[in-house]
Structures are given as C-alpha cells and as structure tokens.
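Colleague: Dropping in query-v9.txt, which is compact mmCIF, C-alpha atoms:
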# COMPACT_ATOMS: atom_id res chain seq x y z
CA MET A 2 1.16 37.14 0.89
CA GLU A 3 4.08 37.07 -1.51
CA THR A 4 6.64 36.27 1.19
CA PHE A 5 4.35 33.51 2.52
CA PHE A 6 4.24 32.09 -0.99
CA LYS A 7 8.03 32.29 -1.44
CA GLU A 8 8.96 30.92 1.98
CA ALA A 9 6.21 28.44 2.75
CA VAL A 10 4.67 27.21 -0.50
CA VAL A 11 7.37 27.19 -3.19
CA PRO A 12 10.04 25.11 -1.30
CA HIS A 13 7.32 22.67 -0.22
CA PHE A 14 5.26 22.46 -3.41
CA ASN A 15 5.78 18.67 -3.56
CA PHE A 16 4.31 18.20 -0.06
CA TRP A 17 1.33 20.40 -0.98
CA ILE A 18 0.70 18.21 -4.03
CA TYR A 19 0.86 15.03 -1.90
CA VAL A 20 -1.57 16.48 0.64
CA ILE A 21 -4.00 17.28 -2.18
CA ILE A 22 -3.66 13.74 -3.62
CA MET A 23 -4.10 12.29 -0.12
CA MET A 24 -7.27 14.34 0.44
CA ILE A 25 -8.72 13.14 -2.88
CA GLY A 26 -8.19 9.59 -1.62
CA LEU A 27 -9.63 10.35 1.83
CA TRP A 28 -12.69 12.03 0.31
CA SER A 29 -13.50 9.02 -1.86
CA VAL A 30 -13.03 6.64 1.10
CA ILE A 31 -15.52 8.65 3.20
CA ALA A 32 -18.02 9.96 0.65
CA LYS A 33 -18.26 7.27 -2.00
CA ASN A 34 -20.91 4.61 -1.57
CA ASN A 35 -19.44 1.96 -3.85
CA LEU A 36 -16.92 -0.38 -2.21
CA ILE A 37 -14.69 -0.55 -5.32
CA LYS A 38 -14.56 3.26 -5.42
CA LYS A 39 -13.54 3.24 -1.76
CA LEU A 40 -10.71 0.84 -2.63
CA ILE A 41 -9.59 3.13 -5.46
CA GLY A 42 -9.58 5.95 -2.89
CA LEU A 43 -7.42 3.87 -0.52
CA SER A 44 -4.95 3.22 -3.36
CA ILE A 45 -4.77 6.95 -4.16
CA PHE A 46 -4.17 7.66 -0.45
CA GLN A 47 -1.39 5.07 -0.39
CA THR A 48 0.23 6.56 -3.50
CA ALA A 49 0.39 9.97 -1.81
CA ILE A 50 2.22 8.44 1.17
CA LEU A 51 4.69 6.59 -1.09
CA LEU A 52 5.44 9.86 -2.92
CA LEU A 53 5.86 11.70 0.39
CA TYR A 54 8.42 9.20 1.70
CA VAL A 55 10.43 9.00 -1.53
CA SER A 56 10.55 12.79 -1.83
CA LEU A 57 11.99 13.02 1.71
CA GLY A 58 15.09 11.20 0.45
CA VAL A 59 15.65 13.46 -2.57
CA LYS A 60 18.88 15.48 -2.62
CA GLU A 61 19.23 18.14 -5.27
CA GLY A 62 21.70 17.05 -7.96
CA ALA A 63 22.17 13.58 -6.44
CA THR A 64 22.05 10.31 -8.37
CA ILE A 65 20.47 6.90 -7.63
CA PRO A 66 21.58 5.06 -4.45
CA ILE A 67 23.99 2.73 -6.25
CA ILE A 68 27.69 3.33 -5.59
CA ASP A 69 30.05 3.54 -8.55
CA HIS A 70 32.43 0.54 -8.45
CA HIS A 71 35.50 2.69 -8.96
CA ALA A 72 34.59 5.08 -6.12
CA ALA A 73 33.71 2.11 -3.88
CA GLU A 74 37.11 0.46 -4.38
CA LEU A 75 38.83 3.82 -3.75
CA SER A 76 36.95 4.21 -0.45
CA LEU A 77 37.96 0.67 0.57
CA ALA A 78 41.58 1.59 -0.11
CA GLY A 79 41.24 4.37 2.45
CA ASP A 80 40.20 7.42 0.41
CA ALA A 81 37.39 8.76 2.61
CA ALA A 82 36.41 11.45 0.09
CA ALA A 83 35.76 8.93 -2.73
CA ILE A 84 32.08 8.60 -1.81
CA ASN A 85 30.27 11.92 -1.50
CA PRO A 86 27.06 11.39 0.52
CA ASP A 87 25.53 14.54 -0.98
CA ALA A 88 25.78 13.04 -4.49
CA ILE A 89 23.83 9.86 -3.61
CA ALA A 90 20.10 9.89 -2.86
CA ASN A 91 18.96 8.71 0.58
CA PRO A 92 18.41 4.93 0.18
CA VAL A 93 16.30 4.36 3.31
CA PRO A 94 12.93 5.71 1.99
CA HIS A 95 13.43 3.67 -1.20
CA VAL A 96 13.83 0.48 0.85
CA LEU A 97 10.79 1.20 3.00
CA MET A 98 8.55 2.06 0.03
CA LEU A 99 9.74 -0.86 -2.10
CA THR A 100 8.25 -3.35 0.34
CA ALA A 101 5.22 -1.11 0.98
CA ILE A 102 4.30 -1.15 -2.73
CA VAL A 103 4.33 -4.94 -2.99
CA VAL A 104 2.49 -5.41 0.32
CA GLY A 105 -0.03 -2.79 -0.91
CA VAL A 106 -0.72 -4.84 -4.03
CA ALA A 107 -1.15 -8.03 -1.98
CA THR A 108 -3.54 -6.43 0.52
CA LEU A 109 -5.50 -4.80 -2.34
CA GLY A 110 -5.92 -8.33 -3.69
CA VAL A 111 -7.40 -9.44 -0.35
CA ALA A 112 -9.78 -6.45 -0.39
CA LEU A 113 -10.94 -7.26 -3.93
CA ALA A 114 -11.50 -10.88 -2.89
CA LEU A 115 -13.70 -9.70 0.00
CA CYS A 116 -15.63 -7.48 -2.47
CA GLN A 117 -16.23 -10.49 -4.72
CA VAL A 118 -17.64 -12.48 -1.79
CA ILE A 119 -19.86 -9.52 -0.80
CA TYR A 120 -21.15 -9.26 -4.36
CA LYS A 121 -21.82 -13.01 -4.49
CA ASP A 122 -23.77 -12.89 -1.20
CA PHE A 123 -25.70 -9.61 -1.62
CA GLY A 124 -25.76 -8.96 -5.37
CA THR A 125 -24.51 -5.40 -4.92
CA LEU A 126 -21.40 -3.44 -3.97
CA GLU A 127 -23.26 -0.30 -2.80
CA GLU A 128 -22.59 0.09 0.89
CA ASP A 129 -26.08 1.29 1.93
CA GLU A 130 -27.82 -1.53 0.03
CA VAL A 131 -25.51 -4.11 1.64
CA LEU A 132 -26.31 -2.63 5.10
CA GLN A 133 -30.06 -2.74 4.36
CA LYS A 134 -29.85 -6.40 3.33
CA ILE A 135 -27.84 -7.29 6.46
CA LYS A 136 -30.47 -5.49 8.57
CA ALA A 137 -33.28 -7.39 6.81
CA LEU A 138 -31.46 -10.68 7.52
CA HIS A 139 -31.27 -9.82 11.23
CA ASP A 140 -34.96 -8.83 11.33
CA ASP A 141 -35.92 -12.20 9.84
CA VAL A 142 -34.06 -13.99 12.63
CA MET B 7 -25.99 13.85 0.18
CA LYS B 8 -25.58 14.43 3.92
CA ALA B 9 -22.58 12.09 3.93
CA LYS B 10 -20.93 14.10 1.16
CA ILE B 11 -21.29 17.38 3.09
CA PHE B 12 -19.76 15.84 6.24
CA ALA B 13 -17.01 14.23 4.12
CA SER B 14 -16.21 17.58 2.50
CA ILE B 15 -15.95 19.29 5.90
CA ALA B 16 -13.74 16.51 7.33
CA VAL B 17 -11.49 16.50 4.26
CA ALA B 18 -11.23 20.30 4.22
CA ILE B 19 -10.21 20.45 7.90
CA THR B 20 -7.71 17.57 7.62
CA GLY B 21 -6.27 19.01 4.42
CA ALA B 22 -5.90 22.49 5.92
CA VAL B 23 -4.11 21.10 9.01
CA LEU B 24 -1.76 19.01 6.87
CA LEU B 25 -1.05 21.89 4.45
CA TYR B 26 -0.20 24.09 7.43
CA ALA B 27 2.02 21.37 8.93
CA VAL B 28 4.08 20.74 5.79
CA THR B 29 5.27 24.35 5.72
CA ASP B 30 7.56 23.34 8.63
CA PHE B 31 9.05 20.47 6.61
CA PRO B 32 12.62 20.72 5.25
CA ASN B 33 12.84 22.15 1.75
CA PHE B 34 12.44 19.77 -1.19
CA GLY B 35 15.82 18.37 -2.32
CA ASP B 36 17.74 19.74 0.67
CA PRO B 37 20.80 17.50 1.31
CA ARG B 38 21.08 18.91 4.87
CA SER B 39 17.56 17.90 5.94
CA PRO B 40 17.27 15.70 9.08
CA ALA B 41 16.30 12.64 7.04
CA ASN B 42 19.34 13.01 4.78
CA ALA B 43 22.04 14.32 7.12
CA GLY B 44 20.79 13.81 10.68
CA VAL B 45 20.10 16.41 13.34
CA GLU B 46 22.73 19.05 13.93
CA GLY B 47 24.47 18.36 17.25
CA GLY B 48 22.51 15.13 17.61
CA SER B 49 22.84 11.70 16.12
CA PRO B 50 23.81 11.44 12.43
CA SER B 51 21.34 10.02 9.95
CA ALA B 52 21.34 6.24 9.43
CA SER B 53 21.40 6.86 5.68
CA LEU B 54 24.89 8.40 5.98
CA TYR B 55 26.16 5.23 7.65
CA TYR B 56 24.63 3.13 4.86
CA ILE B 57 26.10 5.28 2.09
CA GLU B 58 29.59 5.27 3.60
CA ASN B 59 29.84 1.70 4.92
CA THR B 60 27.56 -0.58 2.89
CA TYR B 61 30.21 -1.44 0.31
CA ARG B 62 32.78 -2.11 3.04
CA ASP B 63 30.34 -4.37 4.95
CA THR B 64 28.73 -6.31 2.11
CA LYS B 65 30.51 -5.66 -1.22
CA VAL B 66 27.09 -4.74 -2.68
CA PRO B 67 27.11 -1.41 -4.57
CA ASN B 68 23.29 -1.23 -4.69
CA LEU B 69 22.48 0.30 -1.30
CA VAL B 70 18.76 -0.48 -1.56
CA THR B 71 19.37 -4.23 -2.01
CA ALA B 72 21.93 -4.37 0.81
CA ILE B 73 19.73 -2.48 3.29
CA LEU B 74 16.64 -4.45 2.30
CA ALA B 75 18.12 -7.93 2.70
CA ASP B 76 20.91 -7.41 5.25
CA TYR B 77 20.58 -4.40 7.57
CA ARG B 78 16.78 -4.62 7.60
CA GLY B 79 16.59 -8.39 7.10
CA TYR B 80 13.98 -8.94 9.82
CA ASP B 81 11.66 -6.33 8.30
CA THR B 82 11.88 -7.85 4.83
CA LEU B 83 11.39 -11.40 6.16
CA PHE B 84 8.07 -10.44 7.70
CA GLU B 85 7.05 -8.28 4.70
CA THR B 86 7.43 -11.48 2.67
CA VAL B 87 5.36 -13.33 5.26
CA VAL B 88 2.67 -10.61 4.89
CA ILE B 89 2.55 -11.25 1.13
CA PHE B 90 2.35 -15.02 1.73
CA THR B 91 -0.44 -14.48 4.26
CA ALA B 92 -2.34 -12.26 1.80
CA GLY B 93 -2.16 -15.04 -0.79
CA MET B 94 -3.41 -17.62 1.71
CA ALA B 95 -6.19 -15.23 2.81
CA ILE B 96 -7.41 -14.91 -0.78
CA PHE B 97 -7.28 -18.70 -1.05
CA ALA B 98 -9.36 -19.03 2.13
CA ILE B 99 -11.88 -16.35 1.11
CA LEU B 100 -12.46 -17.21 -2.54
CA ARG B 101 -11.34 -20.70 -3.46
CA VAL B 102 -14.25 -23.03 -4.21
CA LEU B 103 -13.12 -26.60 -3.67
CA ARG B 104 -16.41 -28.53 -3.48
CA ASN B 105 -19.14 -28.82 -6.18
CA GLU B 106 -16.70 -27.88 -8.91
CA ASN B 107 -19.18 -29.00 -11.59
CA ALA B 108 -22.22 -27.25 -10.12
CA PRO B 109 -23.58 -24.72 -12.66
CA SER B 110 -24.07 -22.07 -9.97
CA ALA B 111 -22.55 -19.11 -11.77
CA PRO B 112 -21.93 -19.74 -15.46
CA SER B 113 -18.91 -18.13 -17.04
CA PRO B 114 -19.90 -15.06 -19.10
CA ASP B 115 -18.12 -16.52 -22.13
CA PRO B 116 -18.77 -20.28 -22.46
CA GLU B 117 -15.91 -20.60 -24.95
CA ALA B 118 -13.48 -19.05 -22.51
CA SER B 119 -12.70 -22.31 -20.80
CA ASN B 120 -11.90 -23.99 -24.13
CA ARG B 121 -9.73 -21.20 -25.47
CA THR B 122 -6.04 -22.05 -25.71
CA ILE B 123 -3.01 -20.18 -26.87
CA ASP B 124 -2.79 -22.53 -29.88
CA GLY B 125 -6.35 -23.07 -31.03
CA ASP B 126 -8.08 -19.70 -31.46
CA HIS B 127 -7.66 -17.94 -34.78
CA HIS B 128 -9.17 -14.69 -33.50
CA ARG B 129 -6.35 -14.37 -31.04
CA ILE B 130 -3.53 -15.61 -33.22
CA ILE B 131 -1.56 -12.34 -33.34
CA VAL B 132 -1.89 -11.77 -29.60
CA GLY B 133 -1.07 -15.41 -28.89
CA ILE B 134 2.05 -15.58 -31.04
CA THR B 135 3.33 -12.21 -29.78
CA CYS B 136 2.90 -13.26 -26.17
CA ARG B 137 4.47 -16.64 -26.87
CA ILE B 138 7.58 -14.77 -28.03
CA ALA B 139 7.38 -12.19 -25.24
CA VAL B 140 6.92 -14.51 -22.25
CA PRO B 141 10.38 -16.19 -22.31
CA LEU B 142 12.02 -12.79 -22.79
CA VAL B 143 10.07 -11.36 -19.84
CA GLN B 144 11.11 -14.33 -17.70
CA ILE B 145 14.79 -14.10 -18.66
CA PHE B 146 14.76 -10.38 -17.93
CA ALA B 147 13.03 -11.05 -14.60
CA LEU B 148 15.71 -13.59 -13.63
CA TYR B 149 18.33 -11.01 -14.60
CA VAL B 150 16.61 -8.42 -12.39
CA VAL B 151 16.64 -10.89 -9.46
CA ALA B 152 20.25 -12.02 -9.92
CA HIS B 153 21.76 -8.65 -10.83
CA GLY B 154 20.02 -6.75 -8.05
CA HIS B 155 23.40 -6.34 -6.32
CA HIS B 156 24.76 -4.08 -9.04
CA SER B 157 21.76 -2.49 -10.76
CA PRO B 158 18.21 -1.51 -9.79
CA GLY B 159 16.36 -4.72 -9.03
CA GLY B 160 16.02 -7.51 -6.52
CA GLY B 161 13.61 -10.14 -5.33
CA PHE B 162 10.43 -8.07 -5.14
CA GLN B 163 10.81 -6.49 -8.59
CA GLY B 164 11.95 -9.69 -10.31
CA GLY B 165 9.24 -11.72 -8.56
CA VAL B 166 6.50 -9.37 -9.73
CA MET B 167 7.84 -9.63 -13.30
CA LEU B 168 7.92 -13.44 -13.16
CA GLY B 169 4.33 -13.43 -11.87
CA ALA B 170 3.36 -11.01 -14.65
CA SER B 171 4.77 -13.38 -17.28
CA PHE B 172 2.36 -16.11 -16.13
CA ILE B 173 -0.49 -13.58 -15.98
CA LEU B 174 0.38 -12.65 -19.58
CA ILE B 175 -0.05 -16.30 -20.61
CA ALA B 176 -3.44 -16.35 -18.88
CA LEU B 177 -4.55 -13.09 -20.52
CA SER B 178 -3.39 -13.90 -24.04
CA GLY B 179 -4.61 -17.49 -24.09
CA SER B 180 -6.63 -18.85 -21.21
CA LEU B 181 -6.11 -19.47 -17.54
CA ARG B 182 -5.97 -23.19 -18.37
CA ASP B 183 -2.75 -22.61 -20.34
CA ALA B 184 -1.20 -20.74 -17.46
CA LEU B 185 -2.32 -23.37 -14.92
CA ALA B 186 -0.89 -26.15 -17.13
CA ARG B 187 2.51 -24.45 -16.78
CA PHE B 188 2.17 -23.28 -13.17
CA SER B 189 -0.46 -25.32 -11.36
CA GLU B 190 -2.21 -24.48 -8.11
CA ALA B 191 -0.26 -27.13 -6.20
CA SER B 192 3.04 -25.80 -7.50
CA TYR B 193 2.37 -22.13 -6.78
CA ILE B 194 1.31 -22.83 -3.21
CA ARG B 195 4.36 -25.06 -2.79
CA LEU B 196 6.68 -22.48 -4.35
CA ALA B 197 5.33 -19.66 -2.17
CA SER B 198 6.06 -21.75 0.94
CA ILE B 199 9.50 -22.74 -0.39
CA GLY B 200 10.31 -19.05 -0.88
CA ILE B 201 9.58 -18.29 2.78
CA LEU B 202 11.57 -21.38 3.78
CA ILE B 203 14.59 -20.28 1.70
CA TYR B 204 14.52 -16.82 3.28
CA ALA B 205 14.02 -18.09 6.84
CA GLY B 206 16.57 -20.88 6.26
CA VAL B 207 19.31 -18.55 5.00
CA ALA B 208 18.51 -16.18 7.86
CA PHE B 209 18.57 -19.04 10.40
CA LEU B 210 21.86 -20.66 9.29
CA PRO B 211 24.13 -18.13 11.10
CA LEU B 212 22.51 -19.23 14.40
CA VAL B 213 24.03 -22.68 13.79
CA PHE B 214 27.47 -21.05 13.72
CA GLY B 215 26.78 -19.22 16.97
CA ARG B 216 26.04 -15.82 15.39
CA ASN B 217 22.93 -13.65 15.23
CA PHE B 218 19.86 -14.18 13.06
CA VAL B 219 20.37 -12.75 9.49
CA ASP B 220 24.13 -12.25 10.14
CA TYR B 221 25.20 -13.84 6.84
CA GLY B 222 28.88 -13.14 7.54
CA ALA B 223 28.89 -16.36 9.56
CA LEU B 224 28.39 -18.37 6.35
CA LYS B 225 31.99 -17.63 5.30
CA GLY B 226 33.21 -21.18 5.92
CA LEU B 227 30.12 -22.80 4.46
CA LEU B 228 30.26 -20.80 1.19
CA GLY B 229 34.05 -20.87 0.98
CA THR B 230 34.41 -17.14 0.33
CA ASP B 231 37.47 -15.00 0.99
CA GLY B 232 35.94 -12.74 3.62
CA GLU B 233 32.74 -12.15 5.53
CA GLU B 234 31.79 -9.38 3.07
CA MET B 235 31.41 -11.77 0.13
CA ALA B 236 29.52 -14.22 2.38
CA ARG B 237 27.05 -11.39 3.15
CA SER B 238 26.74 -10.67 -0.58
CA HIS B 239 25.87 -14.32 -1.28
CA GLY B 240 23.51 -14.42 1.70
CA ILE B 241 21.66 -11.42 0.27
CA PHE B 242 21.29 -13.28 -3.05
CA GLY B 243 19.81 -16.32 -1.31
CA VAL B 244 17.32 -14.14 0.51
CA GLU B 245 16.33 -12.30 -2.69
CA LEU B 246 15.73 -15.65 -4.39
CA GLY B 247 13.30 -16.65 -1.64
CA VAL B 248 11.49 -13.31 -1.94
CA ALA B 249 11.24 -13.73 -5.73
CA PHE B 250 9.68 -17.22 -5.42
CA THR B 251 7.06 -16.07 -2.92
CA VAL B 252 6.15 -12.85 -4.76
CA MET B 253 5.90 -14.62 -8.13
CA SER B 254 3.61 -17.34 -6.76
CA ILE B 255 1.38 -15.00 -4.78
CA MET B 256 0.96 -12.50 -7.66
CA PHE B 257 -0.19 -15.31 -9.94
CA ALA B 258 -2.38 -16.82 -7.20
CA ILE B 259 -4.11 -13.46 -6.65
CA PHE B 260 -4.80 -13.10 -10.38
CA ALA B 261 -5.98 -16.68 -10.85
CA ASN B 262 -8.38 -16.58 -7.91
CA LEU B 263 -9.75 -13.07 -8.52
CA SER B 264 -10.36 -13.54 -12.25
CA THR B 265 -12.36 -16.76 -11.78
CA ARG B 266 -14.06 -16.08 -8.44
CA GLY B 267 -11.99 -18.88 -6.90
CA ARG B 268 -13.05 -21.61 -9.33
CA LEU B 269 -9.84 -21.54 -11.41
CA LYS B 270 -11.95 -22.33 -14.49
CA GLY B 271 -12.88 -20.14 -17.42
CA GLY B 272 -11.70 -16.72 -16.47
CA LEU B 273 -11.36 -13.52 -18.45
Could you spell out this file's structure in structure tokens?

Modeller:
Amino acid sequence: METFFKEAVVPHFNFWIYVIIMMIGLWSVIAKNNLIKKLIGLSIFQTAILLLYVSLGVKEGATIPIIDHHAAELSLAGDAAAINPDAIANPVPHVLMLTAIVVGVATLGVALALCQVIYKDFGTLEEDEVLQKIKALHDDV
Amino acid sequence: MKAKIFASIAVAITGAVLLYAVTDFPNFGDPRSPANAGVEGGSPSASLYYIENTYRDTKVPNLVTAILADYRGYDTLFETVVIFTAGMAIFAILRVLRNENAPSAPSPDPEASNRTIDGDHHRIIVGITCRIAVPLVQIFALYVVAHGHHSPGGGFQGGVMLGASFILIALSGSLRDALARFSEASYIRLASIGILIYAGVAFLPLVFGRNFVDYGALKGLLGTDGEEMARSHGIFGVELGVAFTVMSIMFAIFANLSTRGRLKGGL
C-alpha cells in the first residue's frame, strides 16, 4: 500500500486532482436537473481539462516560455548552449489552452443564450418540466 | 432520485478508470516526459524545436505568441472564426429586432434604461471610479496586444480586456452609455473587420507566390531587413485582427445576454 502510494499517487497527485474535478463536473452534467447547473458542470469539466494540459508542459525549476533577449542573441551568434530547453516551460500546451479558454467563454455565451430562449418559451429551466411541456405540446397537435 | 444513483455509478466507474490510467502518466514536472522532450529513440518533441528555433525564425522572444500566430496560424485563424460564429449565433438566437416598443417583458427596474454614468447620484462613486478606470484599462489592453511579442499577452488577452472595459461602462452606468460609445453596428462591423485583417494578412503571402500564413514573404512590402522581422510584423497584424474580433464579440455577448436581446434597459 505504501509503495503504491509513493510510486503511483504522489508523482501524479496533480492528475488525481484533475480527475476528481472532472468527475465533479461530469456528475453535475448527468445528475442535475437545472440547465444552468449543467452548464456550471460543463465549465468545471472544461477547467479540469485546461489544468491537465497545462500541467503536462510543466518542467521542474523551469521559467515561463519567453526567451531572455540576451540568451536569444547569443544563440543567434552560434552559441547552441545559450538556450537551455530544460529551463523553459513547454509552450505548446499554453498555446492550445489559450485559444480553448476564449472559445470556451464564447460557446458558454451561446449556451446561456439558448437557456434564455428556453426560459422565455417554457417559463422554467428544469429539464423534466421542459420535457413535460414539450410532450404536452405534441399531444395537443 | 433514480437519475442520481445511475449518475453516481457512472461517475464512480469513469473516475476509477481515469484514476487508474493516470498512474501510467509521466511524473509531474518531469523535463524528460514525452510531451516535453519527445520519445526516446523516436521523433523529438515539437516543443524542443520551438524553444530552440523560434527566435531565429521570427525574432519573437515570446514563444506562445510566435507559435499561436505563425507556426499554428491556421488553427488560430479558425479559432477566431469560431468566436465570431458564436457571436453571430447569439445574435441569431436572442436579438429582437421587431416590435421594439412592445411591452412584452418589462425591465425589472424601470429606471434602469434612464440611468446614465453622469446622472445618478446613488452611483456617483462607482461611476467616477469607473470613468477613471476605463481609459487605464483600455491603454493597458492595447499595451498587452502590442507588447505580446516580448511579454505575456497577445490578441486574445488584450481583446478580452478591451471588451471588459466596455462591459465595465455598461455595469457602472447603463448599457445605453456603453452602446453610445460602441454601438451594435460598430461591434458587428469591427468583429468582421478583425477576421478580414487576420485572413488578409494570412492571404497576402499567396500574392507573392508563397504559402498561406508564411509572413516571411511580406519582406519587400514591409521594407524589413530580413524575413524574420517580416514574420514578427505579420504576427502583430494577425494579433490585431484577433483583438478586434474578441473585443467586439465579448461585448456583444454581454449586451445581448443582459437584455435578452433587446439592447434596452439591462442590469
């Protein structure tokens, strides 16, 4: 049990935390009845994925992915050791998540707009009540 | 109640599988992990190429900006198009264009539509503070856009801040104040212009017989010393387009959501 903890859990504690956050989001998407609460769950789920990706690019003791001007000029002059890749965090996950955050906000806006229209048409945001009202509409026809 | 039991079972199983799977992941902060250093004996990681060659290729020290706008220029172009499409979708879903005077759903606060940043004594402290803060926010946002080559920042971040400055006007005074400064016609126009700037800068190299988003071809047009500086300027043009679109769409989302598409009254 102790070796399992030392070898499997402790070096991956960040991934365990993200899985727990992700499951909180998934649970509220499935179990909650209110559409706004489902959207909150989706946002929590998305946050867990953003954290997962950014943490994949972390290097222990490394700094932000911006190259020091002095080191950059040295490397242009031919000094291959001027830039140490181990001292600079992996920039690729940052790029991918930067756009994902903004697109996430924009699509959350679309989802909230749809919720507003649903509330205007049905007077409720509870999923089962909306389904009942849609069923009643079909029965009338 | 039944749904909650099934949800708990589904979440427990998924969570257990994922928790088991992540024990095979590389250790947290490991510089030799496949994502950071590539596979041993296989291909090296793309991130190593970016770290070692970005400054040589583009003269941009901020790797994130250079990758975003140059190496992954296609991706970012269509991310911007996604944001534009989201804004247009909200417009299509919510915006009420006909029967603007119909008293269908009265605003919860009838004074809200008459409130201005100048006229309401109850909000004088908030109003004056925001009046001072908004220009500072906008100048800082422009700095974030323009200095994204050398410091954390770029079009997305600066655009969100510019949009937030207009949202601040709407929150501290009324939406009418914000719309007087940034009307519906101008934010739709500006969002489209942003996409056009991005697509235009990306398209120009084709005229010179080079590939799409290969800004190095703009060397003669921009009059720079080498292709590297031309790429640096191309990245700035692209970031400017992103900033315009993001700013307009952020404000459009707020304006439409807070008034249920009527653009009157509001919070």

Colleague: List as a PyMOL selection string the protein and nucleic acid residues near Leu113 of chain A, meaning an atom at most 12 Å away when all atoms listed in the file are counted, but skip any in the same chain fewer than 2 places from it.

Modeller: (chain A and resi 36-41+106-111+115-120+126) or (chain B and resi 92+95-96+99-100+259-260+262-264+266)

Colleague: At a cut-off of 12 Å, using only C-alpha atoms, what residues contact Val150 of chain B? Leave out same-chain residues fewer than 4 positions from it and give the result as a CSV table (one decimal) with C-alpha atoms, in the coordinates of the input.

Modeller:
chain,number,residue,atom,x,y,z
B,71,THR,CA,19.4,-4.2,-2.0
B,143,VAL,CA,10.1,-11.4,-19.8
B,144,GLN,CA,11.1,-14.3,-17.7
B,145,ILE,CA,14.8,-14.1,-18.7
B,146,PHE,CA,14.8,-10.4,-17.9
B,154,GLY,CA,20.0,-6.8,-8.0
B,155,HIS,CA,23.4,-6.3,-6.3
B,156,HIS,CA,24.8,-4.1,-9.0
B,157,SER,CA,21.8,-2.5,-10.8
B,158,PRO,CA,18.2,-1.5,-9.8
B,159,GLY,CA,16.4,-4.7,-9.0
B,160,GLY,CA,16.0,-7.5,-6.5
B,161,GLY,CA,13.6,-10.1,-5.3
B,162,PHE,CA,10.4,-8.1,-5.1
B,163,GLN,CA,10.8,-6.5,-8.6
B,164,GLY,CA,12.0,-9.7,-10.3
B,165,GLY,CA,9.2,-11.7,-8.6
B,166,VAL,CA,6.5,-9.4,-9.7
B,167,MET,CA,7.8,-9.6,-13.3
B,168,LEU,CA,7.9,-13.4,-13.2
B,242,PHE,CA,21.3,-13.3,-3.0
B,245,GLU,CA,16.3,-12.3,-2.7
B,246,LEU,CA,15.7,-15.6,-4.4
B,249,ALA,CA,11.2,-13.7,-5.7

Colleague: Determine which residues of chain B sit within 7 Å of chain A, taking into account all atoms listed in the file, and present them as a ChimeraX atom specification.

Modeller: /B:9-10,13-14,17,21,24-25,28-29,33-37,41-42,53-54,57-58,61-62,67-70,74,85,88-89,92,95-96,99-100,259,263

Colleague: Hey, can you check how far atom CA of Leu269 of chain B sits from atom CA of Ile173 of chain B?

Modeller: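 For atom CA of Leu269 of chain B relative to atom CA of Ile173 of chain B, the distance reads 13.1 Å.
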
Colleague: The centre and edge lengths of an axis-aligned box containing all atoms of segment 199-211 of chain B present in the file, extended by 6 Å on each side, are to be given in Å to one decimal, as lines of an AutoDock Vina configuration file.

Modeller:
center_x = 16.8
center_y = -19.5
center_z = 5.1
size_x = 26.6
size_y = 18.6
size_z = 24.0

Colleague: Hey, can you check how far atom CA of Ile130 of chain B sits from atom CA of Ala170 of chain B?

Modeller: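 Computing it gives 20.3 Å between the two atoms.
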
Colleague: Quick one: pull the distance between atom CA of Ala52 of chain B and atom CA of Ala78 of chain A, Å, one decimal.

Modeller: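 Separating atom CA of Ala52 of chain B from atom CA of Ala78 of chain A is a distance of 22.9 Å.
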
Colleague: For segment 182-197 of chain B, work out the shell of residues within 9 Å, counting all atoms listed in the file and skipping chain neighbours fewer than 3 positions away, then give it as a PDB file with C-alpha atoms, keeping the file's coordinate frame.

Modeller:
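Result file follows (result-v5.pdb):
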ATOM      1  CA  PHE B  90       2.350 -15.020   1.730  1.00  0.00           C
ATOM      2  CA  GLY B  93      -2.160 -15.040  -0.790  1.00  0.00           C
ATOM      3  CA  MET B  94      -3.410 -17.620   1.710  1.00  0.00           C
ATOM      4  CA  SER B 119     -12.700 -22.310 -20.800  1.00  0.00           C
ATOM      5  CA  ASN B 120     -11.900 -23.990 -24.130  1.00  0.00           C
ATOM      6  CA  ARG B 121      -9.730 -21.200 -25.470  1.00  0.00           C
ATOM      7  CA  THR B 122      -6.040 -22.050 -25.710  1.00  0.00           C
ATOM      8  CA  ILE B 123      -3.010 -20.180 -26.870  1.00  0.00           C
ATOM      9  CA  PHE B 172       2.360 -16.110 -16.130  1.00  0.00           C
ATOM     10  CA  ILE B 173      -0.490 -13.580 -15.980  1.00  0.00           C
ATOM     11  CA  LEU B 174       0.380 -12.650 -19.580  1.00  0.00           C
ATOM     12  CA  ILE B 175      -0.050 -16.300 -20.610  1.00  0.00           C
ATOM     13  CA  ALA B 176      -3.440 -16.350 -18.880  1.00  0.00           C
ATOM     14  CA  LEU B 177      -4.550 -13.090 -20.520  1.00  0.00           C
ATOM     15  CA  GLY B 179      -4.610 -17.490 -24.090  1.00  0.00           C
ATOM     16  CA  GLY B 200      10.310 -19.050  -0.880  1.00  0.00           C
ATOM     17  CA  ILE B 201       9.580 -18.290   2.780  1.00  0.00           C
ATOM     18  CA  LEU B 202      11.570 -21.380   3.780  1.00  0.00           C
ATOM     19  CA  GLY B 247      13.300 -16.650  -1.640  1.00  0.00           C
ATOM     20  CA  VAL B 248      11.490 -13.310  -1.940  1.00  0.00           C
ATOM     21  CA  PHE B 250       9.680 -17.220  -5.420  1.00  0.00           C
ATOM     22  CA  THR B 251       7.060 -16.070  -2.920  1.00  0.00           C
ATOM     23  CA  VAL B 252       6.150 -12.850  -4.760  1.00  0.00           C
ATOM     24  CA  MET B 253       5.900 -14.620  -8.130  1.00  0.00           C
ATOM     25  CA  SER B 254       3.610 -17.340  -6.760  1.00  0.00           C
ATOM     26  CA  ILE B 255       1.380 -15.000  -4.780  1.00  0.00           C
ATOM     27  CA  PHE B 257      -0.190 -15.310  -9.940  1.00  0.00           C
ATOM     28  CA  ALA B 258      -2.380 -16.820  -7.200  1.00  0.00           C
ATOM     29  CA  ALA B 261      -5.980 -16.680 -10.850  1.00  0.00           C
ATOM     30  CA  LEU B 269      -9.840 -21.540 -11.410  1.00  0.00           C
ATOM     31  CA  LYS B 270     -11.950 -22.330 -14.490  1.00  0.00           C
ATOM     32  CA  GLY B 271     -12.880 -20.140 -17.420  1.00  0.00           C
ATOM     33  CA  GLY B 272     -11.700 -16.720 -16.470  1.00  0.00           C
TER      34      GLY B 272
END
